[in-house]
file final-v2.pdb (PDB, C-alpha atoms)
ATOM      1  CA  MET A   1      -2.041  -0.849  25.198  1.00  0.00           C
ATOM      2  CA  THR A   2      -2.501   2.888  25.777  1.00  0.00           C
ATOM      3  CA  LEU A   3      -0.304   5.364  23.938  1.00  0.00           C
ATOM      4  CA  ASP A   4      -0.476   9.097  23.505  1.00  0.00           C
ATOM      5  CA  ILE A   5      -1.488   9.887  19.924  1.00  0.00           C
ATOM      6  CA  GLY A   6       1.522  12.117  19.406  1.00  0.00           C
ATOM      7  CA  VAL A   7       3.902   9.469  20.741  1.00  0.00           C
ATOM      8  CA  LEU A   8       2.334   6.802  18.545  1.00  0.00           C
ATOM      9  CA  ALA A   9       2.543   9.040  15.476  1.00  0.00           C
ATOM     10  CA  ARG A  10       6.235   9.680  16.102  1.00  0.00           C
ATOM     11  CA  ARG A  11       6.956   5.990  16.649  1.00  0.00           C
ATOM     12  CA  ALA A  12       5.146   5.087  13.446  1.00  0.00           C
ATOM     13  CA  GLY A  13       6.693   7.943  11.478  1.00  0.00           C
ATOM     14  CA  VAL A  14       3.296   9.208  10.309  1.00  0.00           C
ATOM     15  CA  PRO A  15       1.701  12.671  10.541  1.00  0.00           C
ATOM     16  CA  GLU A  16      -0.300  13.076  13.731  1.00  0.00           C
ATOM     17  CA  PRO A  17      -3.298  14.623  11.873  1.00  0.00           C
ATOM     18  CA  GLU A  18      -3.520  11.512   9.677  1.00  0.00           C
ATOM     19  CA  LEU A  19      -3.604   9.274  12.735  1.00  0.00           C
ATOM     20  CA  ARG A  20      -6.219  11.432  14.432  1.00  0.00           C
ATOM     21  CA  SER A  21      -8.407  11.332  11.328  1.00  0.00           C
ATOM     22  CA  VAL A  22      -8.308   7.525  11.393  1.00  0.00           C
ATOM     23  CA  LEU A  23      -9.340   7.513  15.051  1.00  0.00           C
ATOM     24  CA  ALA A  24     -12.198   9.810  14.043  1.00  0.00           C
ATOM     25  CA  GLY A  25     -13.470   7.258  11.523  1.00  0.00           C
ATOM     26  CA  VAL A  26     -11.508   7.800   8.299  1.00  0.00           C
ATOM     27  CA  ALA A  27     -10.413   4.512   6.711  1.00  0.00           C
ATOM     28  CA  PRO A  28      -6.666   3.947   7.241  1.00  0.00           C
ATOM     29  CA  THR A  29      -4.355   3.514   4.276  1.00  0.00           C
ATOM     30  CA  PRO A  30      -2.347   0.286   3.908  1.00  0.00           C
ATOM     31  CA  SER A  31       0.891   2.224   4.396  1.00  0.00           C
ATOM     32  CA  LEU A  32      -0.384   3.615   7.703  1.00  0.00           C
ATOM     33  CA  LEU A  33      -1.378   0.156   8.939  1.00  0.00           C
ATOM     34  CA  ARG A  34       2.047  -1.220   8.007  1.00  0.00           C
ATOM     35  CA  SER A  35       3.704   1.594   9.968  1.00  0.00           C
ATOM     36  CA  LEU A  36       1.514   1.088  13.034  1.00  0.00           C
ATOM     37  CA  GLY A  37       2.528  -2.567  13.466  1.00  0.00           C
ATOM     38  CA  PRO A  38       6.101  -1.963  14.707  1.00  0.00           C
ATOM     39  CA  ALA A  39       5.007   1.150  16.612  1.00  0.00           C
ATOM     40  CA  LEU A  40       2.502  -0.945  18.576  1.00  0.00           C
ATOM     41  CA  GLY A  41       4.880  -3.881  18.980  1.00  0.00           C
ATOM     42  CA  MET A  42       2.670  -6.035  16.770  1.00  0.00           C
ATOM     43  CA  HIS A  43       2.907  -7.781  13.430  1.00  0.00           C
ATOM     44  CA  ALA A  44       1.530  -5.592  10.662  1.00  0.00           C
ATOM     45  CA  VAL A  45      -0.892  -8.309   9.550  1.00  0.00           C
ATOM     46  CA  ASP A  46      -2.543  -8.256  12.992  1.00  0.00           C
ATOM     47  CA  VAL A  47      -3.090  -4.511  12.656  1.00  0.00           C
ATOM     48  CA  PHE A  48      -4.758  -5.082   9.267  1.00  0.00           C
ATOM     49  CA  VAL A  49      -7.006  -7.725  10.852  1.00  0.00           C
ATOM     50  CA  MET A  50      -7.911  -5.460  13.768  1.00  0.00           C
ATOM     51  CA  ALA A  51      -8.789  -2.684  11.319  1.00  0.00           C
ATOM     52  CA  GLY A  52     -10.964  -5.025   9.237  1.00  0.00           C
ATOM     53  CA  ALA A  53      -8.834  -4.140   6.216  1.00  0.00           C
ATOM     54  CA  THR A  54      -7.843  -6.302   3.267  1.00  0.00           C
ATOM     55  CA  VAL A  55      -4.519  -7.972   4.026  1.00  0.00           C
ATOM     56  CA  PRO A  56      -1.891  -7.510   1.267  1.00  0.00           C
ATOM     57  CA  ASP A  57      -0.683 -10.689  -0.429  1.00  0.00           C
ATOM     58  CA  ASP A  58       2.858 -10.256   0.861  1.00  0.00           C
ATOM     59  CA  LEU A  59       1.596 -10.451   4.457  1.00  0.00           C
ATOM     60  CA  ALA A  60      -0.632 -13.499   3.920  1.00  0.00           C
ATOM     61  CA  PRO A  61       0.550 -17.116   4.224  1.00  0.00           C
ATOM     62  CA  LEU A  62       2.330 -18.220   1.087  1.00  0.00           C
ATOM     63  CA  ASP A  63       1.017 -21.761   0.605  1.00  0.00           C
ATOM     64  CA  ALA A  64      -2.322 -23.054   1.872  1.00  0.00           C
ATOM     65  CA  GLY A  65      -1.118 -26.642   1.552  1.00  0.00           C
ATOM     66  CA  ALA A  66       1.637 -26.043   4.100  1.00  0.00           C
ATOM     67  CA  ARG A  67      -0.805 -25.548   6.962  1.00  0.00           C
ATOM     68  CA  LYS A  68      -1.276 -29.244   7.687  1.00  0.00           C
ATOM     69  CA  TRP A  69       2.437 -29.577   8.544  1.00  0.00           C
ATOM     70  CA  VAL A  70       2.673 -26.605  10.924  1.00  0.00           C
ATOM     71  CA  PRO A  71       1.349 -28.554  13.966  1.00  0.00           C
ATOM     72  CA  HIS A  72       3.826 -31.344  13.168  1.00  0.00           C
ATOM     73  CA  VAL A  73       6.686 -28.857  13.417  1.00  0.00           C
ATOM     74  CA  VAL A  74       5.388 -27.621  16.774  1.00  0.00           C
ATOM     75  CA  GLN A  75       4.926 -31.158  18.077  1.00  0.00           C
ATOM     76  CA  HIS A  76       8.540 -32.042  17.311  1.00  0.00           C
ATOM     77  CA  ALA A  77      10.035 -28.691  18.308  1.00  0.00           C
ATOM     78  CA  VAL A  78       8.236 -27.704  21.507  1.00  0.00           C
ATOM     79  CA  ASP A  79      10.401 -29.811  23.845  1.00  0.00           C
ATOM     80  CA  LEU A  80      13.712 -29.217  22.083  1.00  0.00           C
ATOM     81  CA  PRO A  81      16.417 -27.499  24.165  1.00  0.00           C
ATOM     82  CA  SER A  82      16.817 -23.794  23.473  1.00  0.00           C
ATOM     83  CA  GLU A  83      19.920 -24.220  21.328  1.00  0.00           C
ATOM     84  CA  LYS A  84      18.096 -26.717  19.101  1.00  0.00           C
ATOM     85  CA  LYS A  85      15.115 -24.351  18.799  1.00  0.00           C
ATOM     86  CA  SER A  86      17.495 -21.604  17.719  1.00  0.00           C
ATOM     87  CA  GLU A  87      19.067 -23.938  15.185  1.00  0.00           C
ATOM     88  CA  LEU A  88      15.642 -24.807  13.800  1.00  0.00           C
ATOM     89  CA  ARG A  89      14.604 -21.176  13.496  1.00  0.00           C
ATOM     90  CA  HIS A  90      17.900 -20.402  11.750  1.00  0.00           C
ATOM     91  CA  LEU A  91      17.091 -23.180   9.264  1.00  0.00           C
ATOM     92  CA  VAL A  92      13.623 -21.774   8.620  1.00  0.00           C
ATOM     93  CA  ARG A  93      14.934 -18.263   8.073  1.00  0.00           C
ATOM     94  CA  SER A  94      17.658 -19.509   5.740  1.00  0.00           C
ATOM     95  CA  LEU A  95      15.213 -21.190   3.359  1.00  0.00           C
ATOM     96  CA  PRO A  96      14.720 -19.295   0.092  1.00  0.00           C
ATOM     97  CA  GLN A  97      11.460 -17.494  -0.573  1.00  0.00           C
ATOM     98  CA  ARG A  98       9.594 -19.428  -3.254  1.00  0.00           C
ATOM     99  CA  LYS A  99       6.316 -19.157  -5.064  1.00  0.00           C
ATOM    100  CA  PRO A 100       3.558 -21.707  -4.335  1.00  0.00           C
ATOM    101  CA  ALA A 101       2.349 -24.046  -7.063  1.00  0.00           C
ATOM    102  CA  GLN A 102      -0.922 -22.107  -7.235  1.00  0.00           C
ATOM    103  CA  PRO A 103      -2.202 -18.828  -5.771  1.00  0.00           C
ATOM    104  CA  PRO A 104      -3.407 -19.320  -2.167  1.00  0.00           C
ATOM    105  CA  PRO A 105      -7.205 -19.072  -1.707  1.00  0.00           C
ATOM    106  CA  PHE A 106      -6.881 -17.112   1.518  1.00  0.00           C
ATOM    107  CA  PRO A 107      -9.353 -14.238   0.934  1.00  0.00           C
ATOM    108  CA  GLN A 108     -12.300 -16.665   0.963  1.00  0.00           C
ATOM    109  CA  LEU A 109     -11.076 -18.350   4.141  1.00  0.00           C
ATOM    110  CA  PHE A 110     -10.753 -15.083   6.003  1.00  0.00           C
ATOM    111  CA  ASP A 111     -14.176 -13.600   5.261  1.00  0.00           C
ATOM    112  CA  PRO A 112     -15.806 -11.808   6.957  1.00  0.00           C
ATOM    113  CA  PRO A 113     -13.021  -9.316   7.686  1.00  0.00           C
ATOM    114  CA  ALA A 114     -14.566  -8.112  10.945  1.00  0.00           C
ATOM    115  CA  GLY A 115     -16.678  -9.519  13.728  1.00  0.00           C
ATOM    116  CA  PRO A 116     -16.721 -10.298  17.450  1.00  0.00           C
ATOM    117  CA  PRO A 117     -13.456 -10.592  19.409  1.00  0.00           C
ATOM    118  CA  GLY A 118     -13.293 -14.364  18.947  1.00  0.00           C
ATOM    119  CA  ALA A 119     -13.513 -14.001  15.179  1.00  0.00           C
ATOM    120  CA  LEU A 120     -10.699 -11.471  15.341  1.00  0.00           C
ATOM    121  CA  LEU A 121      -8.358 -13.837  17.204  1.00  0.00           C
ATOM    122  CA  VAL A 122      -9.186 -16.796  14.966  1.00  0.00           C
ATOM    123  CA  ARG A 123      -8.521 -14.670  11.903  1.00  0.00           C
ATOM    124  CA  MET A 124      -5.117 -13.696  13.295  1.00  0.00           C
ATOM    125  CA  LEU A 125      -4.283 -17.391  13.585  1.00  0.00           C
ATOM    126  CA  ARG A 126      -5.537 -18.018  10.049  1.00  0.00           C
ATOM    127  CA  TYR A 127      -2.879 -15.589   8.909  1.00  0.00           C
ATOM    128  CA  ARG A 128      -0.349 -17.780  10.689  1.00  0.00           C
ATOM    129  CA  ASN A 129      -1.456 -20.563   8.318  1.00  0.00           C
ATOM    130  CA  LEU A 130      -3.439 -22.549  10.892  1.00  0.00           C
ATOM    131  CA  ASP A 131      -6.850 -24.006  10.116  1.00  0.00           C
ATOM    132  CA  TRP A 132      -9.255 -25.093  12.870  1.00  0.00           C
ATOM    133  CA  MET A 133      -7.674 -28.513  13.340  1.00  0.00           C
ATOM    134  CA  GLY A 134      -4.227 -26.949  13.261  1.00  0.00           C
ATOM    135  CA  MET A 135      -5.293 -24.535  15.984  1.00  0.00           C
ATOM    136  CA  ALA A 136      -6.631 -27.365  18.136  1.00  0.00           C
ATOM    137  CA  ARG A 137      -3.461 -29.409  17.832  1.00  0.00           C
ATOM    138  CA  THR A 138      -1.066 -26.502  18.227  1.00  0.00           C
ATOM    139  CA  PHE A 139      -2.832 -25.139  21.310  1.00  0.00           C
ATOM    140  CA  HIS A 140      -2.708 -28.613  22.848  1.00  0.00           C
ATOM    141  CA  PHE A 141       1.031 -28.947  22.249  1.00  0.00           C
ATOM    142  CA  LEU A 142       1.732 -25.502  23.716  1.00  0.00           C
ATOM    143  CA  THR A 143      -0.727 -25.248  26.615  1.00  0.00           C
ATOM    144  CA  GLY A 144      -1.782 -28.813  27.414  1.00  0.00           C
ATOM    145  CA  ARG A 145      -5.449 -27.908  26.891  1.00  0.00           C
ATOM    146  CA  TYR A 146      -7.447 -29.362  24.028  1.00  0.00           C
ATOM    147  CA  TRP A 147     -10.371 -27.631  22.383  1.00  0.00           C
ATOM    148  CA  SER A 148     -12.029 -29.331  19.425  1.00  0.00           C
ATOM    149  CA  ALA A 149     -11.525 -27.987  15.933  1.00  0.00           C
ATOM    150  CA  SER A 150     -15.249 -27.183  15.784  1.00  0.00           C
ATOM    151  CA  THR A 151     -14.828 -24.949  18.840  1.00  0.00           C
ATOM    152  CA  TYR A 152     -12.480 -22.695  16.882  1.00  0.00           C
ATOM    153  CA  GLY A 153     -14.895 -22.732  13.971  1.00  0.00           C
ATOM    154  CA  MET A 154     -17.773 -21.600  16.176  1.00  0.00           C
ATOM    155  CA  VAL A 155     -15.631 -18.952  17.900  1.00  0.00           C
ATOM    156  CA  GLY A 156     -14.482 -17.690  14.504  1.00  0.00           C
ATOM    157  CA  ALA A 157     -18.070 -17.510  13.254  1.00  0.00           C
ATOM    158  CA  GLY A 158     -19.239 -15.710  16.390  1.00  0.00           C
ATOM    159  CA  ARG A 159     -21.499 -18.613  17.432  1.00  0.00           C
ATOM    160  CA  LYS A 160     -19.505 -19.398  20.582  1.00  0.00           C
ATOM    161  CA  GLN A 161     -18.378 -16.871  23.156  1.00  0.00           C
ATOM    162  CA  LEU A 162     -14.753 -16.703  24.162  1.00  0.00           C
ATOM    163  CA  ALA A 163     -14.002 -18.307  27.529  1.00  0.00           C
ATOM    164  CA  PRO A 164     -11.325 -16.723  29.773  1.00  0.00           C
ATOM    165  CA  ASP A 165      -9.043 -19.777  29.549  1.00  0.00           C
ATOM    166  CA  LEU A 166      -9.341 -19.859  25.778  1.00  0.00           C
ATOM    167  CA  VAL A 167      -8.403 -16.174  25.665  1.00  0.00           C
ATOM    168  CA  ALA A 168      -5.255 -17.012  27.634  1.00  0.00           C
ATOM    169  CA  ASP A 169      -4.401 -19.739  25.117  1.00  0.00           C
ATOM    170  CA  PHE A 170      -4.821 -17.337  22.207  1.00  0.00           C
ATOM    171  CA  GLY A 171      -2.505 -14.900  23.961  1.00  0.00           C
ATOM    172  CA  THR A 172       0.160 -17.583  24.270  1.00  0.00           C
ATOM    173  CA  LEU A 173       0.169 -18.447  20.581  1.00  0.00           C
ATOM    174  CA  LEU A 174      -0.226 -14.892  19.329  1.00  0.00           C
ATOM    175  CA  GLY A 175       2.322 -13.495  21.779  1.00  0.00           C
ATOM    176  CA  ILE A 176      -0.092 -10.828  23.044  1.00  0.00           C
ATOM    177  CA  PRO A 177       0.290  -9.672  26.692  1.00  0.00           C
ATOM    178  CA  VAL A 178      -2.660 -10.012  29.057  1.00  0.00           C
ATOM    179  CA  GLY A 179      -3.436  -6.284  29.209  1.00  0.00           C
ATOM    180  CA  ASP A 180      -3.613  -5.954  25.450  1.00  0.00           C
ATOM    181  CA  LEU A 181      -5.735  -9.114  25.201  1.00  0.00           C
ATOM    182  CA  THR A 182      -8.234  -7.727  27.683  1.00  0.00           C
ATOM    183  CA  ALA A 183      -8.416  -4.436  25.794  1.00  0.00           C
ATOM    184  CA  LEU A 184      -8.856  -6.271  22.494  1.00  0.00           C
ATOM    185  CA  THR A 185     -11.517  -8.765  23.605  1.00  0.00           C
ATOM    186  CA  GLY A 186     -13.125  -7.225  26.670  1.00  0.00           C
ATOM    187  CA  ILE A 187     -12.382 -10.483  28.504  1.00  0.00           C
ATOM    188  CA  THR A 188      -9.798 -10.929  31.229  1.00  0.00           C
ATOM    189  CA  PRO A 189      -7.884 -14.203  30.645  1.00  0.00           C
ATOM    190  CA  SER A 190      -8.186 -16.805  33.397  1.00  0.00           C
ATOM    191  CA  GLU A 191      -4.412 -16.831  33.671  1.00  0.00           C
ATOM    192  CA  GLU A 192      -1.422 -14.934  32.349  1.00  0.00           C
ATOM    193  CA  PRO A 193      -0.685 -16.028  28.759  1.00  0.00           C
ATOM    194  CA  HIS A 194       2.645 -17.828  28.540  1.00  0.00           C
ATOM    195  CA  THR A 195       4.105 -15.029  26.434  1.00  0.00           C
ATOM    196  CA  GLN A 196       7.132 -14.680  28.702  1.00  0.00           C
ATOM    197  CA  GLU A 197       7.957 -18.376  28.792  1.00  0.00           C
ATOM    198  CA  PRO A 198      10.854 -19.066  26.391  1.00  0.00           C
ATOM    199  CA  ALA A 199       9.320 -22.284  24.973  1.00  0.00           C
ATOM    200  CA  ALA A 200       5.999 -20.626  24.155  1.00  0.00           C
ATOM    201  CA  ALA A 201       7.643 -17.488  22.773  1.00  0.00           C
ATOM    202  CA  ASP A 202       9.949 -19.570  20.587  1.00  0.00           C
ATOM    203  CA  MET A 203       7.023 -21.540  19.177  1.00  0.00           C
ATOM    204  CA  ALA A 204       4.959 -18.428  18.487  1.00  0.00           C
ATOM    205  CA  GLU A 205       7.886 -16.947  16.560  1.00  0.00           C
ATOM    206  CA  LEU A 206       8.571 -20.217  14.745  1.00  0.00           C
ATOM    207  CA  ILE A 207       4.949 -20.468  13.596  1.00  0.00           C
ATOM    208  CA  TRP A 208       5.161 -16.885  12.397  1.00  0.00           C
ATOM    209  CA  ASP A 209       8.282 -17.673  10.345  1.00  0.00           C
ATOM    210  CA  LEU A 210       6.690 -20.781   8.801  1.00  0.00           C
ATOM    211  CA  ARG A 211       3.794 -18.894   7.251  1.00  0.00           C
ATOM    212  CA  ARG A 212       5.856 -17.704   4.278  1.00  0.00           C
ATOM    213  CA  LEU A 213       7.186 -21.152   3.333  1.00  0.00           C
ATOM    214  CA  THR A 214       5.915 -23.681   0.818  1.00  0.00           C
ATOM    215  CA  THR A 215       4.516 -27.092   1.708  1.00  0.00           C
ATOM    216  CA  ASP A 216       7.802 -28.805   0.867  1.00  0.00           C
ATOM    217  CA  GLN A 217       9.749 -26.354   3.011  1.00  0.00           C
ATOM    218  CA  VAL A 218       7.491 -26.772   6.046  1.00  0.00           C
ATOM    219  CA  LEU A 219       7.677 -30.553   5.636  1.00  0.00           C
ATOM    220  CA  GLN A 220      11.475 -30.230   5.499  1.00  0.00           C
ATOM    221  CA  THR A 221      11.349 -28.232   8.732  1.00  0.00           C
ATOM    222  CA  SER A 222       9.165 -30.880  10.394  1.00  0.00           C
ATOM    223  CA  GLU A 223      11.615 -33.621   9.428  1.00  0.00           C
ATOM    224  CA  ALA A 224      14.541 -31.542  10.725  1.00  0.00           C
ATOM    225  CA  ALA A 225      12.776 -30.965  14.060  1.00  0.00           C
ATOM    226  CA  ALA A 226      11.994 -34.661  14.391  1.00  0.00           C
ATOM    227  CA  SER A 227      15.629 -35.496  13.697  1.00  0.00           C
ATOM    228  CA  MET A 228      16.792 -33.032  16.373  1.00  0.00           C
ATOM    229  CA  ARG A 229      14.731 -34.865  18.967  1.00  0.00           C
ATOM    230  CA  THR A 230      16.786 -38.019  18.451  1.00  0.00           C
ATOM    231  CA  THR A 231      20.248 -36.432  18.413  1.00  0.00           C
TER     232      THR A 231
END

call {"tool": "encode", "arguments": {"input": "final-v2.pdb", "output": "structure tokens"}}
result
Amino acid sequence: MTLDIGVLARRAGVPEPELRSVLAGVAPTPSLLRSLGPALGMHAVDVFVMAGATVPDDLAPLDAGARKWVPHVVQHAVDLPSEKKSELRHLVRSLPQRKPAQPPPFPQLFDPPAGPPGALLVRMLRYRNLDWMGMARTFHFLTGRYWSASTYGMVGAGRKQLAPDLVADFGTLLGIPVGDLTALTGITPSEEPHTQEPAAADMAELIWDLRRLTTDQVLQTSEAAASMRTT
């Protein structure tokens, strides 16, 4: 994504000199990073990850225990008709915001905050409350391709280079267009990410919504999606 600095500053509602100073190497403030998300058409948490900055608690997943149920929701929901998907997302968004039973141990999981492009993409998925196995299962449900959980671990640690088809899969789940993916990773995906396909876009948004729910609430969502498949 290429934007004129002045245009970006106006979109973000921040002073242009402040933005230019960041591009010159000054560390961005959290408020600036929050403002840049909508201006760039991205989630604010992804901008924090790209900047290698500490992600605020209110942008992190709420409950680490909920992550094991996220792929179950996707498995049940991916083939639902569009009206059922909308109904499920309405349910998720109607659930009250609760506090987890214990503080989530996410800072340890997300270290180091910066690294090669693969580590960046894996970290973005971590902030969607997916661990390595969750990534493997969710990618399989959405794209039909299966990569082992250890593959995501090695990519996240920088021990395995991103392959073009894996980059395309990341784009599908993160909702990032091909041009932006190439700019972010330096790798041209082997195919256009399925960001424009309604089913993939719905699932990417659903996963995003689930990240701020408790384990019980995500389990409730999984059971609701399973029920919708039989009605």

call {"tool": "resolve_selection", "arguments": {"input": "final-v2.pdb", "expression": "the PyMOL selection byres ((chain A and resi 148) around 9)", "output": "PDB file with C-alpha atoms, keeping the file's coordinate frame"}}
result
ATOM      1  CA  TRP A 132      -9.255 -25.093  12.870  1.00  0.00           C
ATOM      2  CA  MET A 133      -7.674 -28.513  13.340  1.00  0.00           C
ATOM      3  CA  MET A 135      -5.293 -24.535  15.984  1.00  0.00           C
ATOM      4  CA  ALA A 136      -6.631 -27.365  18.136  1.00  0.00           C
ATOM      5  CA  ARG A 137      -3.461 -29.409  17.832  1.00  0.00           C
ATOM      6  CA  TYR A 146      -7.447 -29.362  24.028  1.00  0.00           C
ATOM      7  CA  TRP A 147     -10.371 -27.631  22.383  1.00  0.00           C
ATOM      8  CA  ALA A 149     -11.525 -27.987  15.933  1.00  0.00           C
ATOM      9  CA  SER A 150     -15.249 -27.183  15.784  1.00  0.00           C
ATOM     10  CA  THR A 151     -14.828 -24.949  18.840  1.00  0.00           C
ATOM     11  CA  TYR A 152     -12.480 -22.695  16.882  1.00  0.00           C
TER      12      TYR A 152
END

call {"tool": "residues_around", "arguments": {"input": "final-v2.pdb", "residues": "stretch 210-218 of chain A", "least_positions_apart": "5", "cutoff": "10 Å", "atoms": "all atoms listed in the file", "output": "PyMOL selection string"}}
result
chain A and resi 58-70+72-73+89+92-93+95-101+126-130+205+223-224

call {"tool": "write_last_selection", "arguments": {"input": "final-v2.pdb", "atoms": "C-alpha atoms", "output": "PDB file, in the frame of the given file"}}
result
ATOM      1  CA  ASP A  58       2.858 -10.256   0.861  1.00  0.00           C
ATOM      2  CA  LEU A  59       1.596 -10.451   4.457  1.00  0.00           C
ATOM      3  CA  ALA A  60      -0.632 -13.499   3.920  1.00  0.00           C
ATOM      4  CA  PRO A  61       0.550 -17.116   4.224  1.00  0.00           C
ATOM      5  CA  LEU A  62       2.330 -18.220   1.087  1.00  0.00           C
ATOM      6  CA  ASP A  63       1.017 -21.761   0.605  1.00  0.00           C
ATOM      7  CA  ALA A  64      -2.322 -23.054   1.872  1.00  0.00           C
ATOM      8  CA  GLY A  65      -1.118 -26.642   1.552  1.00  0.00           C
ATOM      9  CA  ALA A  66       1.637 -26.043   4.100  1.00  0.00           C
ATOM     10  CA  ARG A  67      -0.805 -25.548   6.962  1.00  0.00           C
ATOM     11  CA  LYS A  68      -1.276 -29.244   7.687  1.00  0.00           C
ATOM     12  CA  TRP A  69       2.437 -29.577   8.544  1.00  0.00           C
ATOM     13  CA  VAL A  70       2.673 -26.605  10.924  1.00  0.00           C
ATOM     14  CA  HIS A  72       3.826 -31.344  13.168  1.00  0.00           C
ATOM     15  CA  VAL A  73       6.686 -28.857  13.417  1.00  0.00           C
ATOM     16  CA  ARG A  89      14.604 -21.176  13.496  1.00  0.00           C
ATOM     17  CA  VAL A  92      13.623 -21.774   8.620  1.00  0.00           C
ATOM     18  CA  ARG A  93      14.934 -18.263   8.073  1.00  0.00           C
ATOM     19  CA  LEU A  95      15.213 -21.190   3.359  1.00  0.00           C
ATOM     20  CA  PRO A  96      14.720 -19.295   0.092  1.00  0.00           C
ATOM     21  CA  GLN A  97      11.460 -17.494  -0.573  1.00  0.00           C
ATOM     22  CA  ARG A  98       9.594 -19.428  -3.254  1.00  0.00           C
ATOM     23  CA  LYS A  99       6.316 -19.157  -5.064  1.00  0.00           C
ATOM     24  CA  PRO A 100       3.558 -21.707  -4.335  1.00  0.00           C
ATOM     25  CA  ALA A 101       2.349 -24.046  -7.063  1.00  0.00           C
ATOM     26  CA  ARG A 126      -5.537 -18.018  10.049  1.00  0.00           C
ATOM     27  CA  TYR A 127      -2.879 -15.589   8.909  1.00  0.00           C
ATOM     28  CA  ARG A 128      -0.349 -17.780  10.689  1.00  0.00           C
ATOM     29  CA  ASN A 129      -1.456 -20.563   8.318  1.00  0.00           C
ATOM     30  CA  LEU A 130      -3.439 -22.549  10.892  1.00  0.00           C
ATOM     31  CA  GLU A 205       7.886 -16.947  16.560  1.00  0.00           C
ATOM     32  CA  GLU A 223      11.615 -33.621   9.428  1.00  0.00           C
ATOM     33  CA  ALA A 224      14.541 -31.542  10.725  1.00  0.00           C
TER      34      ALA A 224
END

call {"tool": "resolve_selection", "arguments": {"input": "final-v2.pdb", "expression": "the PyMOL selection byres ((chain A and resi 171-177) around 10)", "output": "PyMOL selection string"}}
result
chain A and resi 1+41-43+46+121+124-125+128+135+138-139+142-143+165-170+178-182+184+189+192-197+200-205+207-208

call {"tool": "write_last_selection", "arguments": {"input": "final-v2.pdb", "atoms": "C-alpha atoms", "output": "mmCIF file, in the coordinates of the input"}}
result
data_model
loop_
_atom_site.group_PDB
_atom_site.id
_atom_site.type_symbol
_atom_site.label_atom_id
_atom_site.label_comp_id
_atom_site.auth_asym_id
_atom_site.auth_seq_id
_atom_site.Cartn_x
_atom_site.Cartn_y
_atom_site.Cartn_z
ATOM 1 C CA MET A 1 -2.041 -0.849 25.198
ATOM 2 C CA GLY A 41 4.880 -3.881 18.980
ATOM 3 C CA MET A 42 2.670 -6.035 16.770
ATOM 4 C CA HIS A 43 2.907 -7.781 13.430
ATOM 5 C CA ASP A 46 -2.543 -8.256 12.992
ATOM 6 C CA LEU A 121 -8.358 -13.837 17.204
ATOM 7 C CA MET A 124 -5.117 -13.696 13.295
ATOM 8 C CA LEU A 125 -4.283 -17.391 13.585
ATOM 9 C CA ARG A 128 -0.349 -17.780 10.689
ATOM 10 C CA MET A 135 -5.293 -24.535 15.984
ATOM 11 C CA THR A 138 -1.066 -26.502 18.227
ATOM 12 C CA PHE A 139 -2.832 -25.139 21.310
ATOM 13 C CA LEU A 142 1.732 -25.502 23.716
ATOM 14 C CA THR A 143 -0.727 -25.248 26.615
ATOM 15 C CA ASP A 165 -9.043 -19.777 29.549
ATOM 16 C CA LEU A 166 -9.341 -19.859 25.778
ATOM 17 C CA VAL A 167 -8.403 -16.174 25.665
ATOM 18 C CA ALA A 168 -5.255 -17.012 27.634
ATOM 19 C CA ASP A 169 -4.401 -19.739 25.117
ATOM 20 C CA PHE A 170 -4.821 -17.337 22.207
ATOM 21 C CA VAL A 178 -2.660 -10.012 29.057
ATOM 22 C CA GLY A 179 -3.436 -6.284 29.209
ATOM 23 C CA ASP A 180 -3.613 -5.954 25.450
ATOM 24 C CA LEU A 181 -5.735 -9.114 25.201
ATOM 25 C CA THR A 182 -8.234 -7.727 27.683
ATOM 26 C CA LEU A 184 -8.856 -6.271 22.494
ATOM 27 C CA PRO A 189 -7.884 -14.203 30.645
ATOM 28 C CA GLU A 192 -1.422 -14.934 32.349
ATOM 29 C CA PRO A 193 -0.685 -16.028 28.759
ATOM 30 C CA HIS A 194 2.645 -17.828 28.540
ATOM 31 C CA THR A 195 4.105 -15.029 26.434
ATOM 32 C CA GLN A 196 7.132 -14.680 28.702
ATOM 33 C CA GLU A 197 7.957 -18.376 28.792
ATOM 34 C CA ALA A 200 5.999 -20.626 24.155
ATOM 35 C CA ALA A 201 7.643 -17.488 22.773
ATOM 36 C CA ASP A 202 9.949 -19.570 20.587
ATOM 37 C CA MET A 203 7.023 -21.540 19.177
ATOM 38 C CA ALA A 204 4.959 -18.428 18.487
ATOM 39 C CA GLU A 205 7.886 -16.947 16.560
ATOM 40 C CA ILE A 207 4.949 -20.468 13.596
ATOM 41 C CA TRP A 208 5.161 -16.885 12.397
#

call {"tool": "atom_distance", "arguments": {"input": "final-v2.pdb", "atom1": "atom CA of A:Val155", "atom2": "atom CA of A:Ala119"}}
result
6.0 Å

call {"tool": "atom_distance", "arguments": {"input": "final-v2.pdb", "atom1": "atom CA of A:His90", "atom2": "atom CA of A:Gln75"}}
result
18.0 Å

call {"tool": "atom_distance", "arguments": {"input": "final-v2.pdb", "atom1": "atom CA of A:Glu83", "atom2": "atom CA of A:Val45"}}
result
28.7 Å

call {"tool": "resolve_selection", "arguments": {"input": "final-v2.pdb", "expression": "the PyMOL selection byres ((chain A and resi 47) around 12)", "output": "JSON, numbers by chain"}}
result
{"A": [28, 29, 30, 31, 32, 33, 34, 35, 36, 37, 38, 39, 40, 41, 42, 43, 44, 45, 46, 48, 49, 50, 51, 52, 53, 54, 55, 56, 59, 120, 121, 123, 124, 127, 184]}

call {"tool": "residues_around", "arguments": {"input": "final-v2.pdb", "residues": "A:Pro17", "least_positions_apart": "6", "cutoff": "12 Å", "atoms": "all atoms listed in the file", "output": "compact mmCIF listing (two decimals) with C-alpha atoms, keeping the file's coordinate frame"}}
result
# COMPACT_ATOMS: atom_id res chain seq x y z
CA ILE A 5 -1.49 9.89 19.92
CA GLY A 6 1.52 12.12 19.41
CA LEU A 8 2.33 6.80 18.55
CA ALA A 9 2.54 9.04 15.48
CA ARG A 10 6.24 9.68 16.10
CA LEU A 23 -9.34 7.51 15.05
CA ALA A 24 -12.20 9.81 14.04
CA VAL A 26 -11.51 7.80 8.30
